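For reference, query14.cif is printed below; it contains mmCIF, C-alpha atoms.
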```cif
data_model
loop_
_atom_site.label_atom_id
_atom_site.label_comp_id
_atom_site.auth_asym_id
_atom_site.auth_seq_id
_atom_site.Cartn_x
_atom_site.Cartn_y
_atom_site.Cartn_z
CA MET A 1 -20.87 22.37 -1.99
CA THR A 2 -22.97 24.63 -4.19
CA ILE A 3 -21.77 28.05 -5.26
CA ALA A 4 -24.45 29.59 -3.08
CA ALA A 5 -23.21 27.66 -0.07
CA GLU A 6 -19.61 28.65 -0.82
CA ARG A 7 -20.64 32.27 -0.88
CA LEU A 8 -21.87 31.84 2.68
CA ASP A 9 -18.63 30.21 3.74
CA GLN A 10 -16.49 32.93 5.27
CA SER A 11 -13.28 31.00 4.63
CA SER A 12 -14.00 31.07 0.90
CA PRO A 13 -11.99 33.61 -1.15
CA ALA A 14 -15.30 34.73 -2.58
CA PHE A 15 -16.40 36.03 0.80
CA ASP A 16 -15.35 39.61 1.48
CA GLU A 17 -17.80 42.19 2.78
CA GLU A 18 -15.60 45.13 1.76
CA ARG A 19 -15.44 44.38 -1.96
CA PRO A 20 -18.08 45.66 -4.35
CA THR A 21 -20.50 42.86 -5.15
CA ILE A 22 -20.34 41.41 -8.62
CA ALA A 23 -22.48 38.82 -10.35
CA PHE A 24 -21.44 35.61 -8.70
CA GLY A 25 -23.81 32.96 -9.90
CA THR A 26 -22.88 30.11 -12.18
CA ALA A 27 -25.19 28.25 -14.53
CA ARG A 28 -26.04 25.90 -11.68
CA ASP A 29 -27.31 28.76 -9.52
CA TYR A 30 -29.58 29.94 -12.30
CA TYR A 31 -30.76 26.38 -12.81
CA GLU A 32 -31.60 26.16 -9.10
CA LEU A 33 -33.67 29.33 -9.44
CA LEU A 34 -36.03 27.35 -11.67
CA LYS A 35 -36.97 24.92 -8.86
CA PRO A 36 -35.94 21.81 -10.83
CA ARG A 37 -37.86 19.36 -8.64
CA VAL A 38 -41.12 21.23 -9.23
CA MET A 39 -40.26 21.33 -12.94
CA GLN A 40 -39.96 17.52 -12.99
CA LEU A 41 -43.52 17.26 -11.71
CA VAL A 42 -44.73 19.82 -14.24
CA ILE A 43 -43.03 18.03 -17.14
CA PHE A 44 -44.43 14.67 -16.09
CA THR A 45 -48.03 15.82 -15.59
CA ALA A 46 -48.04 18.03 -18.70
CA LEU A 47 -46.71 15.09 -20.74
CA VAL A 48 -49.58 12.93 -19.54
CA GLY A 49 -51.99 15.74 -20.43
CA MET A 50 -50.52 15.87 -23.94
CA LEU A 51 -50.54 12.11 -24.47
CA THR A 52 -54.15 11.72 -23.36
CA ALA A 53 -55.24 14.29 -25.95
CA PRO A 54 -56.92 12.82 -29.03
CA GLY A 55 -55.21 13.12 -32.37
CA PRO A 56 -51.58 12.96 -33.43
CA ILE A 57 -48.91 15.41 -32.38
CA ASN A 58 -45.61 16.03 -34.10
CA PRO A 59 -43.03 14.65 -31.63
CA ILE A 60 -40.69 17.61 -32.20
CA LEU A 61 -43.45 20.15 -31.60
CA GLY A 62 -44.69 18.08 -28.65
CA PHE A 63 -41.22 18.08 -27.10
CA ALA A 64 -40.83 21.83 -27.72
CA SER A 65 -44.27 22.51 -26.19
CA LEU A 66 -43.33 20.49 -23.13
CA LEU A 67 -40.08 22.45 -22.89
CA ALA A 68 -42.00 25.75 -23.06
CA ILE A 69 -44.39 24.64 -20.31
CA ALA A 70 -41.47 23.48 -18.14
CA VAL A 71 -39.55 26.72 -18.63
CA GLY A 72 -42.70 28.75 -17.88
CA ALA A 73 -43.11 26.82 -14.63
CA GLY A 74 -39.42 27.32 -13.83
CA ALA A 75 -39.72 31.04 -14.53
CA SER A 76 -42.60 31.34 -12.08
CA GLY A 77 -40.45 29.51 -9.50
CA CYS A 78 -37.65 32.00 -10.16
CA LEU A 79 -40.00 34.97 -9.67
CA ASN A 80 -41.29 33.34 -6.49
CA MET A 81 -37.72 33.13 -5.17
CA TRP A 82 -37.10 36.75 -6.17
CA TYR A 83 -40.15 38.01 -4.26
CA ASP A 84 -39.67 35.78 -1.22
CA ALA A 85 -35.90 36.10 -0.88
CA SER A 86 -36.19 37.84 2.49
CA ILE A 87 -38.45 35.07 3.83
CA ASP A 88 -36.22 32.36 2.36
CA ALA A 89 -33.26 33.82 4.24
CA LEU A 90 -35.07 33.21 7.55
CA MET A 91 -35.81 29.53 6.95
CA ASP A 92 -33.22 26.74 7.14
CA ARG A 93 -34.86 24.85 4.27
CA THR A 94 -34.55 27.77 1.88
CA SER A 95 -31.66 29.88 3.20
CA LYS A 96 -29.17 28.28 0.79
CA ARG A 97 -31.19 29.24 -2.27
CA PRO A 98 -29.17 31.36 -4.72
CA ILE A 99 -30.62 34.78 -3.78
CA PRO A 100 -30.46 34.63 0.04
CA ALA A 101 -27.01 33.00 -0.26
CA GLY A 102 -25.82 35.96 -2.35
CA ALA A 103 -24.93 34.03 -5.49
CA VAL A 104 -27.55 35.78 -7.61
CA LYS A 105 -28.71 39.33 -7.05
CA PRO A 106 -32.48 39.96 -6.76
CA GLY A 107 -32.46 42.15 -9.88
CA GLU A 108 -30.73 39.42 -11.89
CA ALA A 109 -33.29 36.86 -10.75
CA LEU A 110 -36.15 39.21 -11.64
CA ALA A 111 -34.74 39.81 -15.13
CA PHE A 112 -34.07 36.09 -15.59
CA GLY A 113 -37.58 35.12 -14.46
CA MET A 114 -39.34 37.77 -16.54
CA THR A 115 -37.33 36.94 -19.67
CA LEU A 116 -38.08 33.23 -19.36
CA SER A 117 -41.76 33.91 -18.57
CA ILE A 118 -42.32 36.06 -21.64
CA GLY A 119 -40.11 33.86 -23.83
CA SER A 120 -41.84 30.60 -22.84
CA VAL A 121 -45.34 32.04 -23.37
CA LEU A 122 -44.44 33.47 -26.82
CA PHE A 123 -42.67 30.25 -27.80
CA LEU A 124 -45.64 28.07 -26.80
CA GLY A 125 -47.99 30.40 -28.67
CA LEU A 126 -45.93 30.22 -31.84
CA ILE A 127 -45.35 26.46 -31.90
CA ALA A 128 -48.62 25.16 -30.36
CA ASN A 129 -51.51 27.60 -30.07
CA TRP A 130 -52.33 30.87 -28.33
CA GLN A 131 -54.97 29.33 -26.07
CA ALA A 132 -52.29 27.18 -24.43
CA ALA A 133 -49.93 30.17 -24.31
CA ALA A 134 -52.60 32.29 -22.59
CA PHE A 135 -53.21 29.48 -20.10
CA LEU A 136 -49.47 29.26 -19.38
CA ALA A 137 -49.32 33.05 -18.90
CA PHE A 138 -52.30 32.86 -16.53
CA THR A 139 -50.60 30.04 -14.57
CA ILE A 140 -47.42 32.11 -14.15
CA PHE A 141 -49.52 35.12 -13.08
CA PHE A 142 -51.52 32.98 -10.66
CA TYR A 143 -48.42 31.49 -9.03
CA VAL A 144 -46.41 34.70 -8.82
CA VAL A 145 -49.05 37.37 -8.12
CA VAL A 146 -52.06 35.54 -6.62
CA TYR A 147 -50.13 32.92 -4.61
CA THR A 148 -46.68 34.37 -3.88
CA MET A 149 -47.50 38.05 -3.47
CA TRP A 150 -50.97 37.74 -1.96
CA LEU A 151 -52.26 34.40 -0.61
CA LYS A 152 -49.01 33.13 0.88
CA HIS A 153 -48.71 36.10 3.22
CA TRP A 154 -52.41 36.52 3.93
CA THR A 155 -54.27 33.30 4.62
CA ALA A 156 -53.74 29.82 6.02
CA GLN A 157 -55.55 28.52 2.93
CA ASN A 158 -52.63 29.82 0.84
CA ILE A 159 -51.48 26.49 -0.55
CA VAL A 160 -55.04 25.21 -1.02
CA ILE A 161 -55.95 27.98 -3.48
CA GLY A 162 -52.39 28.52 -4.71
CA GLY A 163 -52.13 24.79 -5.42
CA ALA A 164 -54.21 25.44 -8.54
CA ALA A 165 -51.10 26.86 -10.22
CA GLY A 166 -49.28 23.56 -9.79
CA ALA A 167 -52.35 21.66 -10.98
CA PHE A 168 -52.79 23.43 -14.32
CA PRO A 169 -49.97 21.74 -16.34
CA PRO A 170 -51.98 18.64 -17.44
CA MET A 171 -54.65 21.00 -18.80
CA ILE A 172 -52.01 23.16 -20.51
CA GLY A 173 -50.44 20.03 -22.04
CA TYR A 174 -53.82 18.87 -23.33
CA MET A 175 -54.59 22.36 -24.62
CA ALA A 176 -51.25 22.56 -26.44
CA VAL A 177 -52.41 19.61 -28.58
CA THR A 178 -56.11 20.34 -29.01
CA GLY A 179 -56.62 24.04 -28.25
CA SER A 180 -59.28 23.13 -25.67
CA VAL A 181 -59.68 21.26 -22.37
CA SER A 182 -61.36 17.91 -21.67
CA LEU A 183 -63.05 16.29 -18.72
CA GLU A 184 -60.05 13.99 -18.22
CA SER A 185 -57.53 16.84 -18.18
CA PHE A 186 -59.79 18.68 -15.71
CA LEU A 187 -59.86 15.57 -13.51
CA TYR A 188 -56.05 15.56 -13.43
CA PHE A 189 -56.18 19.22 -12.42
CA LEU A 190 -58.58 18.26 -9.62
CA LEU A 191 -56.33 15.38 -8.58
CA ILE A 192 -53.25 17.61 -8.13
CA PHE A 193 -55.40 20.33 -6.55
CA VAL A 194 -56.70 17.98 -3.82
CA TRP A 195 -53.29 16.30 -3.47
CA THR A 196 -51.42 19.57 -2.76
CA PRO A 197 -52.71 20.34 0.78
CA PRO A 198 -51.82 16.99 2.43
CA HIS A 199 -48.50 16.98 0.57
CA PHE A 200 -47.51 20.49 1.60
CA TRP A 201 -49.00 20.48 5.11
CA ALA A 202 -47.09 17.28 5.98
CA LEU A 203 -43.88 19.24 5.41
CA ALA A 204 -45.26 22.39 7.03
CA LEU A 205 -46.03 20.40 10.21
CA VAL A 206 -42.35 19.57 10.62
CA LYS A 207 -41.19 23.04 9.59
CA SER A 208 -43.88 25.06 11.39
CA ASN A 209 -41.35 26.85 13.62
CA GLU A 210 -39.51 28.12 10.55
CA TYR A 211 -42.74 29.34 8.96
CA ALA A 212 -43.70 31.07 12.22
CA ARG A 213 -40.29 32.77 12.36
CA ALA A 214 -40.71 33.97 8.79
CA GLY A 215 -44.26 35.20 9.49
CA VAL A 216 -45.89 32.94 6.91
CA PRO A 217 -49.41 31.97 8.02
CA MET A 218 -49.23 28.27 7.21
CA LEU A 219 -52.05 26.17 8.65
CA PRO A 220 -49.95 24.53 11.43
CA VAL A 221 -48.86 28.02 12.55
CA VAL A 222 -52.35 29.53 12.51
CA ALA A 223 -54.62 26.62 13.46
CA GLY A 224 -52.14 24.38 15.26
CA PRO A 225 -50.72 20.94 14.44
CA ASN A 226 -53.76 18.87 15.45
CA ALA A 227 -56.19 20.84 13.30
CA THR A 228 -53.68 20.45 10.44
CA ARG A 229 -53.51 16.69 10.98
CA LEU A 230 -57.31 16.50 10.73
CA GLN A 231 -57.30 18.54 7.52
CA ILE A 232 -54.57 16.32 6.06
CA LEU A 233 -56.63 13.21 6.90
CA LEU A 234 -59.80 14.64 5.34
CA TYR A 235 -58.04 15.71 2.14
CA SER A 236 -56.27 12.33 1.89
CA ILE A 237 -59.60 10.46 2.19
CA ALA A 238 -61.15 12.76 -0.42
CA LEU A 239 -58.18 12.05 -2.66
CA ILE A 240 -59.16 8.34 -3.02
CA PRO A 241 -62.31 8.91 -5.15
CA VAL A 242 -60.76 11.96 -6.85
CA GLY A 243 -57.75 9.83 -7.85
CA MET A 244 -60.02 7.06 -9.17
CA ALA A 245 -62.30 9.45 -11.10
CA PRO A 246 -60.29 9.51 -14.38
CA ALA A 247 -60.90 5.75 -14.65
CA LEU A 248 -64.50 5.76 -13.40
CA ILE A 249 -65.91 8.64 -15.43
CA SER A 250 -63.31 9.24 -18.14
CA HIS A 251 -60.81 7.37 -20.32
CA ALA A 252 -58.18 6.05 -17.90
CA GLY A 253 -57.93 2.25 -17.83
CA LEU A 254 -57.77 -0.64 -15.40
CA LEU A 255 -54.05 -0.27 -14.62
CA TYR A 256 -54.60 3.35 -13.61
CA LEU A 257 -57.63 2.38 -11.51
CA VAL A 258 -55.72 -0.30 -9.60
CA VAL A 259 -52.73 2.01 -8.96
CA ALA A 260 -54.97 4.96 -7.97
CA THR A 261 -56.98 2.82 -5.56
CA GLY A 262 -53.96 1.10 -4.00
CA PHE A 263 -51.85 4.20 -3.57
CA GLY A 264 -54.89 6.23 -2.47
CA VAL A 265 -55.60 3.79 0.36
CA VAL A 266 -51.92 3.71 1.39
CA LEU A 267 -51.76 7.53 1.44
CA ALA A 268 -54.95 7.74 3.51
CA TYR A 269 -53.52 5.15 5.92
CA TYR A 270 -50.32 7.19 6.39
CA ALA A 271 -52.46 10.31 6.89
CA TYR A 272 -54.36 8.41 9.61
CA ASP A 273 -51.04 7.33 11.10
CA LEU A 274 -49.97 10.98 11.20
CA PHE A 275 -53.32 11.88 12.78
CA ARG A 276 -52.68 9.38 15.60
CA LYS A 277 -49.02 10.12 16.27
CA ARG A 278 -49.00 13.63 17.63
CA GLU A 279 -45.77 14.05 19.55
CA GLY A 280 -42.09 13.30 19.46
CA ASP A 281 -39.91 11.63 16.91
CA GLU A 282 -42.70 9.28 15.79
CA ALA A 283 -44.89 12.22 14.77
CA ARG A 284 -42.01 13.73 12.84
CA LYS A 285 -41.29 10.43 11.06
CA ALA A 286 -44.98 10.01 10.23
CA ALA A 287 -45.05 13.47 8.64
CA PHE A 288 -41.96 12.77 6.51
CA ARG A 289 -43.36 9.35 5.54
CA LEU A 290 -46.58 10.97 4.35
CA PHE A 291 -44.66 13.67 2.49
CA GLY A 292 -42.49 11.11 0.68
CA THR A 293 -45.45 8.83 -0.07
CA SER A 294 -47.44 11.73 -1.50
CA ILE A 295 -44.69 12.38 -4.07
CA LEU A 296 -44.62 8.68 -4.93
CA TYR A 297 -48.42 8.70 -5.17
CA LEU A 298 -48.51 11.36 -7.85
CA PHE A 299 -45.71 9.82 -9.89
CA ALA A 300 -47.34 6.37 -9.64
CA LEU A 301 -50.74 7.59 -10.86
CA PHE A 302 -49.43 9.68 -13.73
CA GLY A 303 -46.87 6.95 -14.50
CA ALA A 304 -49.65 4.37 -14.76
CA ARG A 305 -51.61 6.62 -17.09
CA LEU A 306 -48.47 7.22 -19.16
CA VAL A 307 -47.88 3.47 -19.49
CA GLU A 308 -51.49 2.98 -20.59
CA GLN A 309 -51.10 5.58 -23.30
CA LEU A 310 -47.75 4.23 -24.51
CA LEU A 311 -48.68 0.50 -24.46
CA PRO A 312 -50.16 0.50 -27.99
CA PHE A 313 -46.85 1.83 -29.35
CA LEU A 314 -44.61 -0.80 -27.76
CA PRO A 315 -42.98 -3.25 -30.22
CA TRP A 316 -44.93 -6.35 -29.11
CA SER A 317 -48.20 -4.38 -29.33
CA LEU A 318 -47.41 -3.27 -32.87
CA MET A 319 -46.68 -6.89 -33.93
CA LYS A 320 -50.26 -8.01 -33.19
CA MET B 1 -8.39 56.85 -18.24
CA SER B 2 -11.98 55.67 -18.43
CA ILE B 3 -14.76 57.87 -17.11
CA TYR B 4 -16.74 54.75 -16.21
CA PRO B 5 -16.35 53.06 -12.81
CA GLN B 6 -14.00 50.11 -13.12
CA PRO B 7 -15.04 46.66 -11.92
CA PRO B 8 -13.05 45.23 -9.03
CA ASP B 9 -10.08 43.00 -9.79
CA LEU B 10 -11.42 39.50 -9.98
CA THR B 11 -9.92 36.60 -8.08
CA GLU B 12 -8.99 33.43 -9.94
CA GLU B 13 -12.12 31.78 -8.61
CA GLU B 14 -14.35 34.63 -9.76
CA LEU B 15 -12.77 34.58 -13.21
CA ARG B 16 -13.31 30.85 -13.43
CA ARG B 17 -16.96 31.22 -12.46
CA ARG B 18 -17.52 34.08 -14.88
CA ASN B 19 -15.97 32.08 -17.71
CA ALA B 20 -18.09 29.06 -16.81
CA ARG B 21 -21.20 31.27 -16.81
CA SER B 22 -20.28 32.75 -20.18
CA ARG B 23 -19.73 29.29 -21.67
CA ALA B 24 -23.08 28.10 -20.31
CA LEU B 25 -24.81 31.17 -21.76
CA GLY B 26 -23.16 30.58 -25.13
CA LEU B 27 -24.24 26.94 -25.15
CA PHE B 28 -27.77 27.95 -24.14
CA LEU B 29 -28.03 30.49 -26.96
CA GLY B 30 -26.61 27.99 -29.46
CA ALA B 31 -29.14 25.38 -28.31
CA LEU B 32 -31.90 27.96 -28.70
CA VAL B 33 -30.87 28.68 -32.30
CA ILE B 34 -30.90 24.95 -33.13
CA LEU B 35 -34.25 24.51 -31.37
CA PHE B 36 -35.83 27.41 -33.29
CA PHE B 37 -34.49 26.03 -36.57
CA ILE B 38 -35.76 22.48 -35.96
CA VAL B 39 -39.14 23.71 -34.74
CA THR B 40 -39.50 25.95 -37.78
CA ILE B 41 -38.80 23.03 -40.13
CA ALA B 42 -41.25 20.85 -38.15
CA LYS B 43 -43.93 23.55 -38.38
CA LEU B 44 -43.41 23.93 -42.11
CA GLY B 45 -43.61 20.16 -42.57
CA GLY B 46 -44.02 19.13 -46.21
CA ASN B 47 -44.47 22.76 -47.20
CA VAL B 48 -40.74 23.29 -46.74
CA MET B 49 -40.35 22.14 -50.36
CA ASN B 50 -43.35 24.10 -51.61
CA ARG B 51 -41.87 27.20 -53.25
CA PRO B 52 -41.75 28.73 -56.71
CA ILE B 53 -38.70 27.61 -58.68
#
```
Would you write out, as structure tokens, the structure that this file holds?
Amino acid sequence: MTIAAERLDQSSPAFDEERPTIAFGTARDYYELLKPRVMQLVIFTALVGMLTAPGPINPILGFASLLAIAVGAGASGCLNMWYDASIDALMDRTSKRPIPAGAVKPGEALAFGMTLSIGSVLFLGLIANWQAAAFLAFTIFFYVVVYTMWLKHWTAQNIVIGGAAGAFPPMIGYMAVTGSVSLESFLYFLLIFVWTPPHFWALALVKSNEYARAGVPMLPVVAGPNATRLQILLYSIALIPVGMAPALISHAGLLYLVVATGFGVVLAYYAYDLFRKREGDEARKAAFRLFGTSILYLFALFGARLVEQLLPFLPWSLMK
Amino acid sequence: MSIYPQPPDLTEEELRRRNARSRALGLFLGALVILFFIVTIAKLGGNVMNRPI
């Protein structure tokens, strides 16, 4: 049981409404504020962005740059949780997060998020370059202000436009090495950008009642589940050529092309399956299957590209 | 007697959690110092030895 969950447990000695509240969170609660699963994705995609950049990079500085980008992403997640704590409390999926559960006070989360945001941007600027630092600052601003404070509460296209924030890390990684962006890093941005709607809407379909209760205008709430299924299918079909593009018009190789094509077709098939199955437990399973496959899809594509970049450095390659 | 408001008496569990948080913060700050040192040396590179004797 997490600390946050214990705080909710009325049998816990920590639960007493009469006592003055004190800081309750442990390191784990603060770690959870950084949205670790999202950070994994950011680290992975930013690493690929860095490794596809031309020219050498000092491994220590590369690692530190990656750390700065990951912490910046985590800080924006923390600020997102701070702003949306009242909404999170209304949804089962998010009600056990540290702020709604009472483990971390909103003010503490705000200070934590702001400190990490400023610290990560300054650190990246000092060890890599200020172009990458400015891009990281813009990404945090985009996620917290444009997406969290504005789009999320205003339009059903919230995650379409807001998805850009999650798509920037490969470009930031590339920029940390070179100080500029390339066509390939932009194509990875585009890939994550087009991938985000079917990924997120698959989950939103299942959780649409919770979003409606919280007053968040997600597409299934505003346009209905069938319109969302159509949008998911269209984005998933569009994702096939977008996923293949780094190999067709840039520097990705054959391995990447095969993986992108195979996984792209599988994802589109599951999107079609979701489009067909509209009611009952089958529809719910289809949505979860698409959600899980979409995560696998992104890791497979970036993993393939990572392998391609690392192959020349493997022992048997060096022996040739 | 202090003029400042006193914190509530902490339970054993709260003390344990506060100590754990303090330890984690200490480790984090220590790691940050080491990271800054290593990164500084890496940034300096060969120039680390380049100084007037």
Show me a table, sorted first by chain and then by increasing residue number, of the residues of chain A having an atom at most 7 Å from chain B, each with its shortest atom pair and the distance in Å to one decimal, counting all atoms listed in the file and written as a Markdown table.
```
| residue | atom | partner | partner_atom | distance |
| --- | --- | --- | --- | --- |
| A:Pro20 | CA | B:Pro8 | CA | 6.9 |
| A:Thr26 | CA | B:Arg21 | CA | 5.1 |
| A:Ala27 | CA | B:Arg21 | CA | 5.5 |
| A:Ile60 | CA | B:Val39 | CA | 6.8 |
| A:Leu61 | CA | B:Val39 | CA | 6.4 |
```
Apply the PyMOL selection byres ((chain A and resi 147-151) around 12) to the structure shown and report the selected residues as a ChimeraX atom specification. /A:76-85,87,139-146,152-166,216-218
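Here atom CA of A:Pro225 stands at a distance of 22.7 Å from atom CA of A:Val265.
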Atom CA of A:Phe291 to atom CA of A:His199: how many Å, to one decimal? 5.4 Å
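The nearest approach to A:Pro241 among the residues A:Leu190, A:Arg229, A:Leu298, A:Leu203, with all atoms listed in the file taken into account, belongs to A:Leu190.
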Please provide as an NGL selection string all residues within 7 Å of A:Ser236, with the sequence filter that same-chain residues fewer than 2 positions apart are discarded (counting all atoms listed in the file). :A and (198 or 232-234 or 238-240 or 267-268 or 271)
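Distance-wise, atom CA of A:Met91 and atom CA of A:Ala214 end up 6.9 Å apart.
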From the list A:Phe24, A:Tyr297, A:Phe63, A:Phe189, which residue is nearest A:Gly102 when using only C-alpha atoms? A:Phe24
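All residues of protein, DNA or RNA that reach within 9 Å of A:Pro246, judged by only C-alpha atoms and not counting those fewer than 3 positions away in the chain, are Leu183, Glu184, Ser185, Leu187, Tyr188, Val242, Gly243, Ile249, Ser250, His251, Ala252, Gly253, Tyr256 and Leu257 of chain A.
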Using all atoms listed in the file, list the residues that have an atom at most 10 Å from (-46.9, 19.0, -23.6), coordinates as in the file, as a PyMOL selection string. chain A and resi 42-51+53+57+59+61-70+124+128+132+169-177
Counting only C-alpha atoms, the residue among A:Tyr235, A:Phe302, A:Tyr211, A:Phe168 that lies closest to A:Pro197 is A:Tyr235
Completion step: stretch 303-316 of chain A with N, CA and C atoms as a compact mmCIF listing (two decimals), in the frame of the given file:
```
# COMPACT_ATOMS: atom_id res chain seq x y z
N GLY A 303 -47.68 7.96 -13.82
CA GLY A 303 -46.87 6.95 -14.50
C GLY A 303 -47.74 5.85 -15.08
N ALA A 304 -48.74 5.41 -14.29
CA ALA A 304 -49.65 4.37 -14.76
C ALA A 304 -50.42 4.84 -16.00
N ARG A 305 -50.85 6.08 -15.95
CA ARG A 305 -51.61 6.62 -17.09
C ARG A 305 -50.71 6.74 -18.32
N LEU A 306 -49.44 7.09 -18.06
CA LEU A 306 -48.47 7.22 -19.16
C LEU A 306 -48.25 5.86 -19.82
N VAL A 307 -48.09 4.83 -18.98
CA VAL A 307 -47.88 3.47 -19.49
C VAL A 307 -49.09 3.05 -20.33
N GLU A 308 -50.28 3.34 -19.83
CA GLU A 308 -51.49 2.98 -20.59
C GLU A 308 -51.51 3.62 -21.97
N GLN A 309 -51.07 4.87 -22.02
CA GLN A 309 -51.10 5.58 -23.30
C GLN A 309 -50.00 5.09 -24.26
N LEU A 310 -48.88 4.64 -23.67
CA LEU A 310 -47.75 4.23 -24.51
C LEU A 310 -47.82 2.75 -24.90
N LEU A 311 -48.61 1.95 -24.18
CA LEU A 311 -48.68 0.50 -24.46
C LEU A 311 -48.94 0.17 -25.93
N PRO A 312 -49.89 0.86 -26.59
CA PRO A 312 -50.16 0.50 -27.99
C PRO A 312 -48.97 0.72 -28.91
N PHE A 313 -48.00 1.51 -28.48
CA PHE A 313 -46.85 1.83 -29.35
C PHE A 313 -45.63 0.96 -29.06
N LEU A 314 -45.75 0.07 -28.06
CA LEU A 314 -44.61 -0.80 -27.76
C LEU A 314 -44.46 -1.86 -28.85
N PRO A 315 -43.22 -2.35 -29.09
CA PRO A 315 -42.98 -3.25 -30.22
C PRO A 315 -43.91 -4.45 -30.26
N TRP A 316 -44.11 -5.14 -29.08
CA TRP A 316 -44.93 -6.35 -29.11
C TRP A 316 -46.40 -6.02 -29.36
```
